file query_24.cif (mmCIF, C-alpha atoms)
data_my_file
loop_
_atom_site.label_atom_id
_atom_site.label_comp_id
_atom_site.auth_asym_id
_atom_site.auth_seq_id
_atom_site.Cartn_x
_atom_site.Cartn_y
_atom_site.Cartn_z
CA MET A 1 28.26 37.40 33.82
CA SER A 2 29.63 35.22 31.03
CA THR A 3 28.76 35.84 27.39
CA GLU A 4 26.50 32.76 27.45
CA GLU A 5 24.69 34.10 30.53
CA ASN A 6 24.27 37.46 28.80
CA LYS A 7 22.82 35.79 25.70
CA ALA A 8 20.41 33.81 27.88
CA LEU A 9 19.35 37.00 29.67
CA VAL A 10 18.45 38.67 26.36
CA ARG A 11 16.51 35.57 25.27
CA ARG A 12 14.59 35.59 28.61
CA TRP A 13 13.92 39.33 28.17
CA LEU A 14 12.36 38.71 24.75
CA GLU A 15 10.35 35.75 26.03
CA ASP A 16 9.04 37.80 28.96
CA VAL A 17 8.25 40.75 26.69
CA ASP A 18 6.01 38.36 24.74
CA THR A 19 3.86 37.84 27.86
CA GLY A 20 2.59 41.41 27.47
CA ASP A 21 3.41 42.34 31.07
CA VAL A 22 4.89 45.86 31.15
CA GLY A 23 6.41 44.93 34.52
CA VAL A 24 9.14 42.98 32.72
CA VAL A 25 10.78 46.33 32.00
CA ASP A 26 11.35 46.75 35.75
CA LYS A 27 12.91 43.29 35.93
CA TYR A 28 15.41 43.59 33.06
CA VAL A 29 16.04 47.26 32.27
CA ALA A 30 18.33 49.48 34.33
CA SER A 31 16.91 52.82 35.45
CA SER A 32 19.92 54.40 33.71
CA LEU A 33 19.12 52.81 30.31
CA VAL A 34 20.45 54.64 27.27
CA ASP A 35 18.45 53.80 24.14
CA HIS A 36 20.48 54.90 21.13
CA ASN A 37 17.72 54.18 18.56
CA PRO A 38 14.33 54.73 20.20
CA PRO A 39 11.28 54.16 18.00
CA PRO A 40 9.54 57.25 16.58
CA PHE A 41 6.55 56.83 18.90
CA GLN A 42 8.73 56.98 22.03
CA THR A 43 8.71 60.49 23.49
CA GLU A 44 10.47 59.82 26.81
CA PRO A 45 14.14 58.82 27.03
CA GLY A 46 15.66 55.87 28.85
CA PHE A 47 13.81 53.66 31.29
CA GLU A 48 10.50 55.54 31.16
CA GLY A 49 10.73 55.60 27.38
CA ALA A 50 11.22 51.83 27.30
CA LYS A 51 8.00 51.40 29.29
CA GLN A 52 6.21 53.85 26.99
CA ALA A 53 7.42 52.05 23.84
CA PHE A 54 6.43 48.68 25.28
CA SER A 55 2.89 49.89 26.09
CA TYR A 56 2.50 51.55 22.70
CA ALA A 57 3.60 48.43 20.83
CA LEU A 58 1.23 46.25 22.89
CA GLY A 59 -1.63 48.56 21.98
CA ALA A 60 -0.82 48.31 18.28
CA PHE A 61 0.09 44.62 17.95
CA SER A 62 -1.52 41.69 19.75
CA ASP A 63 -0.26 38.13 19.90
CA PHE A 64 3.27 39.52 19.64
CA ARG A 65 6.16 37.10 19.82
CA HIS A 66 9.88 37.18 19.10
CA GLU A 67 11.93 34.48 17.46
CA VAL A 68 15.66 34.68 18.00
CA LYS A 69 17.44 33.76 14.79
CA GLN A 70 21.03 34.32 15.86
CA GLN A 71 23.05 35.74 18.75
CA ILE A 72 26.65 36.82 19.03
CA ALA A 73 28.19 38.01 22.27
CA GLU A 74 31.44 39.61 23.29
CA GLY A 75 32.12 40.96 26.75
CA ASP A 76 29.07 42.91 27.97
CA TYR A 77 27.49 43.11 24.49
CA VAL A 78 24.91 40.80 22.93
CA VAL A 79 23.87 41.14 19.29
CA THR A 80 20.57 39.45 18.46
CA ARG A 81 19.04 38.95 15.02
CA VAL A 82 15.35 38.57 15.67
CA THR A 83 12.00 38.33 13.90
CA GLY A 84 8.90 39.74 15.56
CA TYR A 85 5.41 38.48 14.70
CA GLY A 86 2.04 39.90 15.65
CA THR A 87 -1.43 41.00 14.62
CA HIS A 88 -1.99 44.67 13.80
CA SER A 89 -4.93 45.14 16.18
CA GLY A 90 -4.60 48.83 17.10
CA GLU A 91 -3.50 52.11 15.62
CA PHE A 92 0.19 52.28 14.75
CA LEU A 93 1.81 55.55 13.66
CA GLY A 94 -1.57 56.82 12.52
CA ILE A 95 -2.39 53.62 10.59
CA PRO A 96 -5.73 52.19 11.73
CA ALA A 97 -5.81 48.53 12.77
CA THR A 98 -5.82 46.22 9.75
CA GLY A 99 -6.10 42.86 11.50
CA ARG A 100 -3.18 41.68 9.37
CA GLU A 101 -0.57 39.26 10.62
CA VAL A 102 2.81 40.96 10.25
CA GLN A 103 6.43 40.17 10.78
CA MET A 104 9.42 42.43 11.19
CA GLU A 105 13.09 41.58 11.03
CA GLY A 106 15.60 43.40 13.18
CA ILE A 107 18.97 43.42 14.85
CA ALA A 108 19.36 44.56 18.45
CA ILE A 109 22.48 45.19 20.45
CA HIS A 110 22.24 45.18 24.23
CA ARG A 111 24.94 46.02 26.73
CA ILE A 112 24.47 44.22 30.02
CA VAL A 113 25.87 45.24 33.40
CA ASP A 114 25.08 43.35 36.61
CA GLY A 115 22.27 41.41 34.95
CA GLN A 116 20.43 44.44 33.57
CA LEU A 117 20.10 46.00 30.14
CA VAL A 118 21.92 49.34 30.31
CA GLU A 119 22.30 50.25 26.63
CA HIS A 120 20.31 49.40 23.52
CA TRP A 121 20.77 49.90 19.80
CA ALA A 122 18.33 48.58 17.19
CA GLN A 123 17.79 48.53 13.45
CA VAL A 124 14.49 47.19 12.14
CA ASP A 125 13.05 46.70 8.68
CA SER A 126 10.30 49.26 9.13
CA THR A 127 9.80 49.61 5.36
CA SER A 128 8.68 45.99 5.13
CA LEU A 129 6.31 46.53 8.06
CA LEU A 130 4.76 49.59 6.40
CA VAL A 131 4.27 47.59 3.18
CA GLN A 132 2.56 44.80 5.15
CA LEU A 133 0.25 47.37 6.75
CA GLY A 134 -0.63 48.83 3.35
CA ALA A 135 0.80 52.23 4.26
CA ILE A 136 3.25 52.21 1.33
CA PRO A 137 3.33 50.20 -1.90
CA PRO A 138 5.69 47.28 -2.34
CA PRO A 139 8.98 48.13 -4.06
CA GLY A 140 8.53 48.45 -7.80
CA GLN A 141 4.82 49.21 -7.63
CA PRO A 142 3.41 52.69 -8.13
CA PRO A 143 1.54 54.38 -5.27
CA ALA A 144 -2.22 53.83 -5.25
#
call {"tool": "encode", "arguments": {"input": "query_24.cif", "output": "C-alpha cells"}}
result
Amino acid sequence: MSTEENKALVRRWLEDVDTGDVGVVDKYVASSLVDHNPPPFQTEPGFEGAKQAFSYALGAFSDFRHEVKQQIAEGDYVVTRVTGYGTHSGEFLGIPATGREVQMEGIAIHRIVDGQLVEHWAQVDSTSLLVQLGAIPPPGQPPA
C-alpha cells in the first residue's frame, strides 16, 4: 500500500472506532498486533487487549469521536496527531462518571502490513484528562 493509502486506512480506522462497534477491531487489527504502549486498564496483550481496551473506553466515554489534526507517513508507518472528544459517562480508572465533556490530545504511530494494523505506539495527555475529570488539580493549584 502507498503512504497515502496507509494514512487513509488509519483515518477510516478512527472513523469506524467512533461508531462504537467493537467488531471494527476484527476488520483493521492483525491478530499478531504488538501494542507497545497499552493503556493501564488493558490487561491482555495484542489483539485481545485491543478489543478489551476498546470495550473499556466505550463503557467510560460515550459520544466518543476522533479528530485527526495531522498525519505523516513513511513506508509502513503512519504518525497521527489526534484529539479525542467524549462524555465521561461511566467509571474510568476508579473515577465515577462525571457527565463532563472531555478532550484528550495524543499522537499514535501505526505500522501497517497488508492493510492491517500490526504495531501501535501511543502517547496521550492523560494529565489533562485527569484534570478535566477532577481527579487531580490543575497545574499551579494546590490539591483540594
call {"tool": "resolve_selection", "arguments": {"input": "query_24.cif", "expression": "the PyMOL selection byres ((chain A and resi 77-84) around 6)", "output": "list in words"}}
result
Arg65, His66, Glu67, Val68, Lys69, Gln70, Gln71, Ile72, Ala73, Glu74, Gly75, Asp76, Tyr85, Gln103, Met104, Glu105, Gly106, Ile107, Ala108, Ile109, His110 and Arg111 of chain A
call {"tool": "residues_around", "arguments": {"input": "query_24.cif", "residues": "range 87-102 of chain A", "least_positions_apart": "2", "cutoff": "12 Å", "atoms": "all atoms listed in the file", "output": "ChimeraX atom specification"}}
result
/A:39-42,53,55-66,83-85,104-105,125-126,128-136
call {"tool": "resolve_selection", "arguments": {"input": "query_24.cif", "expression": "the PyMOL selection byres ((chain A and resi 28-31) around 8)", "output": "MDAnalysis selection string"}}
result
chainID A and resid 13 24:27 32:33 46:47 115:118
call {"tool": "atom_distance", "arguments": {"input": "query_24.cif", "atom1": "CA of Val22 in chain A", "atom2": "CA of His120 in chain A"}}
result
17.6 Å
call {"tool": "closest_residue", "arguments": {"input": "query_24.cif", "among": "A:Pro38, A:Gly49, A:Ser2, A:Phe54", "to": "Gly20 in chain A", "atoms": "all atoms listed in the file"}}
result
A:Phe54
call {"tool": "atom_distance", "arguments": {"input": "query_24.cif", "atom1": "CA of Pro142 in chain A", "atom2": "CA of Gln123 in chain A"}}
result
26.3 Å
call {"tool": "atom_distance", "arguments": {"input": "query_24.cif", "atom1": "CA of Lys7 in chain A", "atom2": "CA of Asp114 in chain A"}}
result
13.5 Å
call {"tool": "build_atoms", "arguments": {"input": "query_24.cif", "residues": "range 102-128 of chain A", "atoms": "N, CA and C atoms", "output": "short mmCIF file (atom, residue, chain, number, x, y, z; two decimals), in the frame of the given file"}}
result
data_model
loop_
_atom_site.label_atom_id
_atom_site.label_comp_id
_atom_site.auth_asym_id
_atom_site.auth_seq_id
_atom_site.Cartn_x
_atom_site.Cartn_y
_atom_site.Cartn_z
N VAL A 102 1.60 40.33 10.78
CA VAL A 102 2.81 40.96 10.25
C VAL A 102 4.04 40.33 10.88
N GLN A 103 5.16 40.56 10.20
CA GLN A 103 6.43 40.17 10.78
C GLN A 103 7.44 41.26 10.47
N MET A 104 8.41 41.40 11.37
CA MET A 104 9.42 42.43 11.19
C MET A 104 10.76 41.88 11.63
N GLU A 105 11.73 42.02 10.75
CA GLU A 105 13.09 41.58 11.03
C GLU A 105 13.86 42.72 11.70
N GLY A 106 14.79 42.37 12.56
CA GLY A 106 15.60 43.40 13.18
C GLY A 106 16.86 42.84 13.80
N ILE A 107 17.74 43.76 14.14
CA ILE A 107 18.97 43.42 14.85
C ILE A 107 19.06 44.35 16.05
N ALA A 108 19.25 43.78 17.22
CA ALA A 108 19.36 44.56 18.45
C ALA A 108 20.70 44.28 19.10
N ILE A 109 21.27 45.33 19.65
CA ILE A 109 22.48 45.19 20.45
C ILE A 109 22.15 45.66 21.85
N HIS A 110 22.44 44.82 22.82
CA HIS A 110 22.24 45.18 24.23
C HIS A 110 23.59 45.13 24.94
N ARG A 111 23.80 46.09 25.81
CA ARG A 111 24.94 46.02 26.73
C ARG A 111 24.37 45.71 28.10
N ILE A 112 24.98 44.73 28.75
CA ILE A 112 24.47 44.22 30.02
C ILE A 112 25.50 44.46 31.11
N VAL A 113 25.03 45.03 32.22
CA VAL A 113 25.87 45.24 33.40
C VAL A 113 25.09 44.74 34.62
N ASP A 114 25.71 43.89 35.39
CA ASP A 114 25.08 43.35 36.61
C ASP A 114 23.69 42.78 36.36
N GLY A 115 23.53 42.08 35.25
CA GLY A 115 22.27 41.41 34.95
C GLY A 115 21.16 42.30 34.48
N GLN A 116 21.47 43.53 34.07
CA GLN A 116 20.43 44.44 33.57
C GLN A 116 20.86 45.04 32.23
N LEU A 117 19.86 45.36 31.42
CA LEU A 117 20.10 46.00 30.14
C LEU A 117 20.36 47.48 30.39
N VAL A 118 21.56 47.95 30.03
CA VAL A 118 21.92 49.34 30.31
C VAL A 118 22.04 50.19 29.05
N GLU A 119 22.27 49.54 27.91
CA GLU A 119 22.30 50.25 26.63
C GLU A 119 21.63 49.40 25.58
N HIS A 120 21.04 50.09 24.58
CA HIS A 120 20.31 49.40 23.52
C HIS A 120 20.47 50.15 22.21
N TRP A 121 20.76 49.40 21.17
CA TRP A 121 20.77 49.90 19.80
C TRP A 121 19.89 48.95 19.00
N ALA A 122 19.16 49.46 18.00
CA ALA A 122 18.33 48.58 17.19
C ALA A 122 18.17 49.13 15.78
N GLN A 123 18.12 48.22 14.83
CA GLN A 123 17.79 48.53 13.45
C GLN A 123 16.73 47.54 13.03
N VAL A 124 15.60 48.06 12.55
CA VAL A 124 14.49 47.19 12.14
C VAL A 124 14.10 47.51 10.70
N ASP A 125 13.52 46.52 10.05
CA ASP A 125 13.05 46.70 8.68
C ASP A 125 11.65 47.31 8.71
N SER A 126 11.60 48.58 9.01
CA SER A 126 10.30 49.26 9.13
C SER A 126 9.63 49.43 7.78
N THR A 127 10.40 49.49 6.69
CA THR A 127 9.80 49.61 5.36
C THR A 127 8.94 48.39 5.06
N SER A 128 9.45 47.21 5.35
CA SER A 128 8.68 45.99 5.13
C SER A 128 7.40 45.99 5.97
#
